[in-house]
Amino acid sequence: MKYYAVIDTNVLVSAMLKWESVPGSIINLAFEGIIVPLVNSRILNEYRIVLSRSKFGLPKEIVDNIVKTMELRGLNVDESPLDIELPDPDDKVFFEVVMEERKTEDAYLVTGNIKHFPVKPFVVTPRQMLDIILNTSEVFD
């Protein structure tokens, strides 16, 4: 079974800083194809910009590989603008992409900042996403 998910940048950063973590498991599942990342050029650009910040100390080659893998494993989704205000305007694209994909598929928005988005059953933490996969997937049987 495949799970479609927009992965917020904070989940990707957390995974890169500590691979042996719940966010690391989410990104690993995306790299393995169990989670299909929902992306577009704006999301991929944000991934690249944030992961390239010197405070994270990630080499350019690693950042390039991560972003390229998310692009190759991902499904490109052109978002439709929504009339919604969020605490961080940069988060809007993540919500718009998940809402666009939900028109045709079940899709999730995985974030460590759940309070930055409307309360919806498909806006989940990395732990909740992992629980959804482990409780419904025959992959792990």
# chains A, B, ... in the order shown; residues from 1 in each chain; ligands from 1

$ select_by_dssp --residues "chain A" --states "strand (DSSP E or B)" --output "PyMOL selection string"
chain A and resi 3-7+35-39+75-76+107-110+123-124

$ write_last_selection --atoms "N, CA, C and O atoms" --output "PDB file, in the first residue's frame"
ATOM      1  N   TYR A   3       1.133   5.477   0.565  1.00  0.00           N
ATOM      2  CA  TYR A   3       0.544   6.586   1.306  1.00  0.00           C
ATOM      3  C   TYR A   3       1.061   7.880   0.701  1.00  0.00           C
ATOM      4  O   TYR A   3       2.269   8.050   0.556  1.00  0.00           O
ATOM      5  N   TYR A   4       0.157   8.758   0.352  1.00  0.00           N
ATOM      6  CA  TYR A   4       0.525  10.049  -0.236  1.00  0.00           C
ATOM      7  C   TYR A   4       0.622  11.076   0.884  1.00  0.00           C
ATOM      8  O   TYR A   4      -0.297  11.191   1.701  1.00  0.00           O
ATOM      9  N   ALA A   5       1.732  11.804   0.908  1.00  0.00           N
ATOM     10  CA  ALA A   5       1.926  12.760   1.998  1.00  0.00           C
ATOM     11  C   ALA A   5       2.792  13.929   1.580  1.00  0.00           C
ATOM     12  O   ALA A   5       3.816  13.758   0.926  1.00  0.00           O
ATOM     13  N   VAL A   6       2.353  15.102   1.992  1.00  0.00           N
ATOM     14  CA  VAL A   6       3.193  16.289   1.934  1.00  0.00           C
ATOM     15  C   VAL A   6       4.027  16.249   3.208  1.00  0.00           C
ATOM     16  O   VAL A   6       3.474  16.125   4.310  1.00  0.00           O
ATOM     17  N   ILE A   7       5.319  16.301   3.066  1.00  0.00           N
ATOM     18  CA  ILE A   7       6.212  16.251   4.223  1.00  0.00           C
ATOM     19  C   ILE A   7       6.733  17.657   4.487  1.00  0.00           C
ATOM     20  O   ILE A   7       7.448  18.228   3.654  1.00  0.00           O
ATOM     21  N   ILE A  35       5.796   5.747   1.329  1.00  0.00           N
ATOM     22  CA  ILE A  35       5.183   7.072   1.318  1.00  0.00           C
ATOM     23  C   ILE A  35       5.576   7.726  -0.001  1.00  0.00           C
ATOM     24  O   ILE A  35       6.752   7.742  -0.367  1.00  0.00           O
ATOM     25  N   VAL A  36       4.588   8.237  -0.708  1.00  0.00           N
ATOM     26  CA  VAL A  36       4.848   8.992  -1.933  1.00  0.00           C
ATOM     27  C   VAL A  36       4.817  10.471  -1.551  1.00  0.00           C
ATOM     28  O   VAL A  36       3.757  11.004  -1.220  1.00  0.00           O
ATOM     29  N   PRO A  37       5.987  11.119  -1.564  1.00  0.00           N
ATOM     30  CA  PRO A  37       6.001  12.541  -1.210  1.00  0.00           C
ATOM     31  C   PRO A  37       5.260  13.369  -2.261  1.00  0.00           C
ATOM     32  O   PRO A  37       5.438  13.170  -3.457  1.00  0.00           O
ATOM     33  N   LEU A  38       4.420  14.258  -1.787  1.00  0.00           N
ATOM     34  CA  LEU A  38       3.738  15.198  -2.671  1.00  0.00           C
ATOM     35  C   LEU A  38       4.576  16.464  -2.683  1.00  0.00           C
ATOM     36  O   LEU A  38       4.792  17.073  -1.631  1.00  0.00           O
ATOM     37  N   VAL A  39       5.067  16.827  -3.846  1.00  0.00           N
ATOM     38  CA  VAL A  39       6.000  17.947  -3.964  1.00  0.00           C
ATOM     39  C   VAL A  39       5.607  18.847  -5.131  1.00  0.00           C
ATOM     40  O   VAL A  39       4.760  18.494  -5.949  1.00  0.00           O
ATOM     41  N   LEU A  75       5.475  12.805  -6.186  1.00  0.00           N
ATOM     42  CA  LEU A  75       4.456  13.103  -7.185  1.00  0.00           C
ATOM     43  C   LEU A  75       4.317  14.618  -7.220  1.00  0.00           C
ATOM     44  O   LEU A  75       4.058  15.238  -6.182  1.00  0.00           O
ATOM     45  N   ASN A  76       4.524  15.202  -8.398  1.00  0.00           N
ATOM     46  CA  ASN A  76       4.422  16.647  -8.529  1.00  0.00           C
ATOM     47  C   ASN A  76       2.947  17.051  -8.533  1.00  0.00           C
ATOM     48  O   ASN A  76       2.149  16.514  -9.295  1.00  0.00           O
ATOM     49  N   ALA A 107      -4.667  11.683   1.230  1.00  0.00           N
ATOM     50  CA  ALA A 107      -3.336  12.261   1.367  1.00  0.00           C
ATOM     51  C   ALA A 107      -3.224  12.903   2.739  1.00  0.00           C
ATOM     52  O   ALA A 107      -4.233  13.316   3.328  1.00  0.00           O
ATOM     53  N   TYR A 108      -1.997  12.965   3.230  1.00  0.00           N
ATOM     54  CA  TYR A 108      -1.711  13.508   4.554  1.00  0.00           C
ATOM     55  C   TYR A 108      -0.723  14.655   4.452  1.00  0.00           C
ATOM     56  O   TYR A 108       0.048  14.734   3.503  1.00  0.00           O
ATOM     57  N   LEU A 109      -0.747  15.492   5.461  1.00  0.00           N
ATOM     58  CA  LEU A 109       0.283  16.505   5.643  1.00  0.00           C
ATOM     59  C   LEU A 109       0.987  16.133   6.937  1.00  0.00           C
ATOM     60  O   LEU A 109       0.359  16.095   7.997  1.00  0.00           O
ATOM     61  N   VAL A 110       2.264  15.803   6.833  1.00  0.00           N
ATOM     62  CA  VAL A 110       3.039  15.351   7.991  1.00  0.00           C
ATOM     63  C   VAL A 110       3.897  16.520   8.465  1.00  0.00           C
ATOM     64  O   VAL A 110       4.744  17.018   7.719  1.00  0.00           O
ATOM     65  N   VAL A 123      -4.005  16.077   8.834  1.00  0.00           N
ATOM     66  CA  VAL A 123      -2.823  16.828   9.253  1.00  0.00           C
ATOM     67  C   VAL A 123      -2.285  16.118  10.482  1.00  0.00           C
ATOM     68  O   VAL A 123      -2.919  16.130  11.541  1.00  0.00           O
ATOM     69  N   VAL A 124      -1.150  15.445  10.318  1.00  0.00           N
ATOM     70  CA  VAL A 124      -0.666  14.527  11.346  1.00  0.00           C
ATOM     71  C   VAL A 124       0.801  14.781  11.690  1.00  0.00           C
ATOM     72  O   VAL A 124       1.549  15.332  10.885  1.00  0.00           O
TER      73      VAL A 124
END

$ select_by_dssp --residues "chain A" --states "alpha helix (DSSP H)" --output "PyMOL selection string"
chain A and resi 9-17+22-32+41-51+60-73+92-101+126-136

$ closest_atom_pairs --of "segment 65-128 of chain A" --to "segment 14-31 of chain A" --cutoff "10 Å" --atoms "only C-alpha atoms" --output "tab-separated table"
residue	atom	partner	partner_atom	distance
A:Ile66	CA	A:Phe31	CA	9.1
A:Thr69	CA	A:Phe31	CA	6.9
A:Met70	CA	A:Phe31	CA	7.3
A:Leu72	CA	A:Phe31	CA	9.3
A:Arg73	CA	A:Phe31	CA	6.7
A:Gly74	CA	A:Ala30	CA	8.2
A:Val110	CA	A:Ile26	CA	8.9
A:Thr111	CA	A:Pro23	CA	9.3
A:Gly112	CA	A:Pro23	CA	8.7
A:Thr125	CA	A:Pro23	CA	9.0
A:Pro126	CA	A:Pro23	CA	5.7
A:Arg127	CA	A:Val22	CA	6.2
A:Gln128	CA	A:Val22	CA	9.7

$ atom_distance --atom1 "atom CA of Lys55 of chain A" --atom2 "atom CA of Asp90 of chain A"
20.0 Å

$ residues_around --residues "Glu96 of chain A" --least-positions-apart "3" --cutoff "6 Å" --atoms "only C-alpha atoms" --output "ChimeraX atom specification"
/A:79,93,99

$ closest_residue --among "A:Asn113, A:Thr9, A:Ser80, A:Thr104" --to "Leu44 of chain A" --atoms "only C-alpha atoms"
A:Thr9

$ residues_around --residues "Lys60 of chain A" --least-positions-apart "4" --cutoff "10 Å" --atoms "only C-alpha atoms" --output "ChimeraX atom specification"
/A:48,51-52,64-66

$ decode --residues "segment 42-54 of chain A" --atoms "all heavy atoms" --output "PDB file, in the first residue's frame"
ATOM      1  N   ARG A  42       8.029  24.743  -5.470  1.00  0.00           N
ATOM      2  CA  ARG A  42       8.121  25.594  -4.281  1.00  0.00           C
ATOM      3  C   ARG A  42       8.542  24.793  -3.049  1.00  0.00           C
ATOM      4  O   ARG A  42       9.367  25.243  -2.253  1.00  0.00           O
ATOM      5  CB  ARG A  42       6.789  26.295  -4.021  1.00  0.00           C
ATOM      6  CG  ARG A  42       6.488  27.357  -5.073  1.00  0.00           C
ATOM      7  CD  ARG A  42       5.113  27.982  -4.924  1.00  0.00           C
ATOM      8  NE  ARG A  42       4.954  28.623  -3.622  1.00  0.00           N
ATOM      9  CZ  ARG A  42       3.769  28.872  -3.073  1.00  0.00           C
ATOM     10  NH1 ARG A  42       2.651  28.541  -3.695  1.00  0.00           N
ATOM     11  NH2 ARG A  42       3.692  29.469  -1.900  1.00  0.00           N
ATOM     12  N   ILE A  43       7.990  23.609  -2.907  1.00  0.00           N
ATOM     13  CA  ILE A  43       8.348  22.757  -1.756  1.00  0.00           C
ATOM     14  C   ILE A  43       9.793  22.288  -1.884  1.00  0.00           C
ATOM     15  O   ILE A  43      10.565  22.360  -0.925  1.00  0.00           O
ATOM     16  CB  ILE A  43       7.366  21.573  -1.630  1.00  0.00           C
ATOM     17  CG1 ILE A  43       5.989  22.088  -1.179  1.00  0.00           C
ATOM     18  CG2 ILE A  43       7.905  20.507  -0.677  1.00  0.00           C
ATOM     19  CD1 ILE A  43       4.888  21.054  -1.191  1.00  0.00           C
ATOM     20  N   LEU A  44      10.176  21.822  -3.060  1.00  0.00           N
ATOM     21  CA  LEU A  44      11.558  21.361  -3.258  1.00  0.00           C
ATOM     22  C   LEU A  44      12.552  22.495  -3.033  1.00  0.00           C
ATOM     23  O   LEU A  44      13.621  22.284  -2.449  1.00  0.00           O
ATOM     24  CB  LEU A  44      11.723  20.755  -4.654  1.00  0.00           C
ATOM     25  CG  LEU A  44      10.966  19.451  -4.897  1.00  0.00           C
ATOM     26  CD1 LEU A  44      10.995  19.086  -6.379  1.00  0.00           C
ATOM     27  CD2 LEU A  44      11.494  18.313  -4.035  1.00  0.00           C
ATOM     28  N   ASN A  45      12.195  23.689  -3.460  1.00  0.00           N
ATOM     29  CA  ASN A  45      13.054  24.845  -3.249  1.00  0.00           C
ATOM     30  C   ASN A  45      13.198  25.157  -1.762  1.00  0.00           C
ATOM     31  O   ASN A  45      14.297  25.445  -1.280  1.00  0.00           O
ATOM     32  CB  ASN A  45      12.511  26.054  -4.016  1.00  0.00           C
ATOM     33  CG  ASN A  45      13.486  27.204  -4.018  1.00  0.00           C
ATOM     34  OD1 ASN A  45      14.652  27.031  -4.353  1.00  0.00           O
ATOM     35  ND2 ASN A  45      13.007  28.375  -3.648  1.00  0.00           N
ATOM     36  N   GLU A  46      12.096  25.078  -1.023  1.00  0.00           N
ATOM     37  CA  GLU A  46      12.190  25.309   0.417  1.00  0.00           C
ATOM     38  C   GLU A  46      13.059  24.243   1.080  1.00  0.00           C
ATOM     39  O   GLU A  46      13.876  24.556   1.944  1.00  0.00           O
ATOM     40  CB  GLU A  46      10.817  25.335   1.090  1.00  0.00           C
ATOM     41  CG  GLU A  46      10.961  25.548   2.585  1.00  0.00           C
ATOM     42  CD  GLU A  46       9.681  25.838   3.328  1.00  0.00           C
ATOM     43  OE1 GLU A  46       8.841  26.596   2.821  1.00  0.00           O
ATOM     44  OE2 GLU A  46       9.547  25.310   4.447  1.00  0.00           O
ATOM     45  N   TYR A  47      12.884  22.982   0.694  1.00  0.00           N
ATOM     46  CA  TYR A  47      13.745  21.924   1.235  1.00  0.00           C
ATOM     47  C   TYR A  47      15.219  22.298   1.033  1.00  0.00           C
ATOM     48  O   TYR A  47      16.019  22.220   1.958  1.00  0.00           O
ATOM     49  CB  TYR A  47      13.494  20.582   0.533  1.00  0.00           C
ATOM     50  CG  TYR A  47      12.200  19.870   0.833  1.00  0.00           C
ATOM     51  CD1 TYR A  47      11.805  18.806   0.021  1.00  0.00           C
ATOM     52  CD2 TYR A  47      11.378  20.211   1.898  1.00  0.00           C
ATOM     53  CE1 TYR A  47      10.644  18.101   0.265  1.00  0.00           C
ATOM     54  CE2 TYR A  47      10.206  19.520   2.142  1.00  0.00           C
ATOM     55  CZ  TYR A  47       9.836  18.451   1.322  1.00  0.00           C
ATOM     56  OH  TYR A  47       8.677  17.749   1.566  1.00  0.00           O
ATOM     57  N   ARG A  48      15.563  22.670  -0.191  1.00  0.00           N
ATOM     58  CA  ARG A  48      16.960  22.979  -0.524  1.00  0.00           C
ATOM     59  C   ARG A  48      17.472  24.166   0.291  1.00  0.00           C
ATOM     60  O   ARG A  48      18.559  24.108   0.869  1.00  0.00           O
ATOM     61  CB  ARG A  48      17.103  23.264  -2.013  1.00  0.00           C
ATOM     62  CG  ARG A  48      18.539  23.564  -2.433  1.00  0.00           C
ATOM     63  CD  ARG A  48      18.687  23.728  -3.927  1.00  0.00           C
ATOM     64  NE  ARG A  48      18.134  22.626  -4.702  1.00  0.00           N
ATOM     65  CZ  ARG A  48      18.708  21.426  -4.836  1.00  0.00           C
ATOM     66  NH1 ARG A  48      19.855  21.172  -4.238  1.00  0.00           N
ATOM     67  NH2 ARG A  48      18.139  20.491  -5.564  1.00  0.00           N
ATOM     68  N   ILE A  49      16.699  25.236   0.358  1.00  0.00           N
ATOM     69  CA  ILE A  49      17.127  26.443   1.077  1.00  0.00           C
ATOM     70  C   ILE A  49      17.328  26.151   2.559  1.00  0.00           C
ATOM     71  O   ILE A  49      18.353  26.505   3.143  1.00  0.00           O
ATOM     72  CB  ILE A  49      16.114  27.589   0.869  1.00  0.00           C
ATOM     73  CG1 ILE A  49      16.201  28.101  -0.572  1.00  0.00           C
ATOM     74  CG2 ILE A  49      16.336  28.718   1.866  1.00  0.00           C
ATOM     75  CD1 ILE A  49      15.065  29.034  -0.964  1.00  0.00           C
ATOM     76  N   VAL A  50      16.360  25.488   3.174  1.00  0.00           N
ATOM     77  CA  VAL A  50      16.438  25.242   4.617  1.00  0.00           C
ATOM     78  C   VAL A  50      17.551  24.253   4.945  1.00  0.00           C
ATOM     79  O   VAL A  50      18.347  24.480   5.868  1.00  0.00           O
ATOM     80  CB  VAL A  50      15.077  24.778   5.173  1.00  0.00           C
ATOM     81  CG1 VAL A  50      15.194  24.358   6.629  1.00  0.00           C
ATOM     82  CG2 VAL A  50      14.032  25.896   5.019  1.00  0.00           C
ATOM     83  N   LEU A  51      17.633  23.148   4.198  1.00  0.00           N
ATOM     84  CA  LEU A  51      18.680  22.158   4.477  1.00  0.00           C
ATOM     85  C   LEU A  51      20.084  22.711   4.233  1.00  0.00           C
ATOM     86  O   LEU A  51      21.051  22.213   4.811  1.00  0.00           O
ATOM     87  CB  LEU A  51      18.475  20.901   3.630  1.00  0.00           C
ATOM     88  CG  LEU A  51      17.272  20.032   4.002  1.00  0.00           C
ATOM     89  CD1 LEU A  51      17.096  18.923   2.975  1.00  0.00           C
ATOM     90  CD2 LEU A  51      17.414  19.458   5.405  1.00  0.00           C
ATOM     91  N   SER A  52      20.188  23.739   3.405  1.00  0.00           N
ATOM     92  CA  SER A  52      21.496  24.341   3.104  1.00  0.00           C
ATOM     93  C   SER A  52      21.952  25.337   4.166  1.00  0.00           C
ATOM     94  O   SER A  52      23.085  25.834   4.082  1.00  0.00           O
ATOM     95  CB  SER A  52      21.443  25.044   1.740  1.00  0.00           C
ATOM     96  OG  SER A  52      21.209  24.099   0.720  1.00  0.00           O
ATOM     97  N   ARG A  53      21.127  25.636   5.141  1.00  0.00           N
ATOM     98  CA  ARG A  53      21.529  26.588   6.173  1.00  0.00           C
ATOM     99  C   ARG A  53      22.756  26.068   6.914  1.00  0.00           C
ATOM    100  O   ARG A  53      22.834  24.893   7.286  1.00  0.00           O
ATOM    101  CB  ARG A  53      20.391  26.827   7.162  1.00  0.00           C
ATOM    102  CG  ARG A  53      19.240  27.603   6.550  1.00  0.00           C
ATOM    103  CD  ARG A  53      18.121  27.812   7.537  1.00  0.00           C
ATOM    104  NE  ARG A  53      17.027  28.535   6.901  1.00  0.00           N
ATOM    105  CZ  ARG A  53      15.781  28.545   7.346  1.00  0.00           C
ATOM    106  NH1 ARG A  53      15.456  27.890   8.454  1.00  0.00           N
ATOM    107  NH2 ARG A  53      14.853  29.226   6.704  1.00  0.00           N
ATOM    108  N   SER A  54      23.689  26.956   7.134  1.00  0.00           N
ATOM    109  CA  SER A  54      24.960  26.565   7.744  1.00  0.00           C
ATOM    110  C   SER A  54      24.772  25.957   9.137  1.00  0.00           C
ATOM    111  O   SER A  54      25.551  25.096   9.537  1.00  0.00           O
ATOM    112  CB  SER A  54      25.909  27.759   7.802  1.00  0.00           C
ATOM    113  OG  SER A  54      25.347  28.800   8.564  1.00  0.00           O
TER     114      SER A  54
END
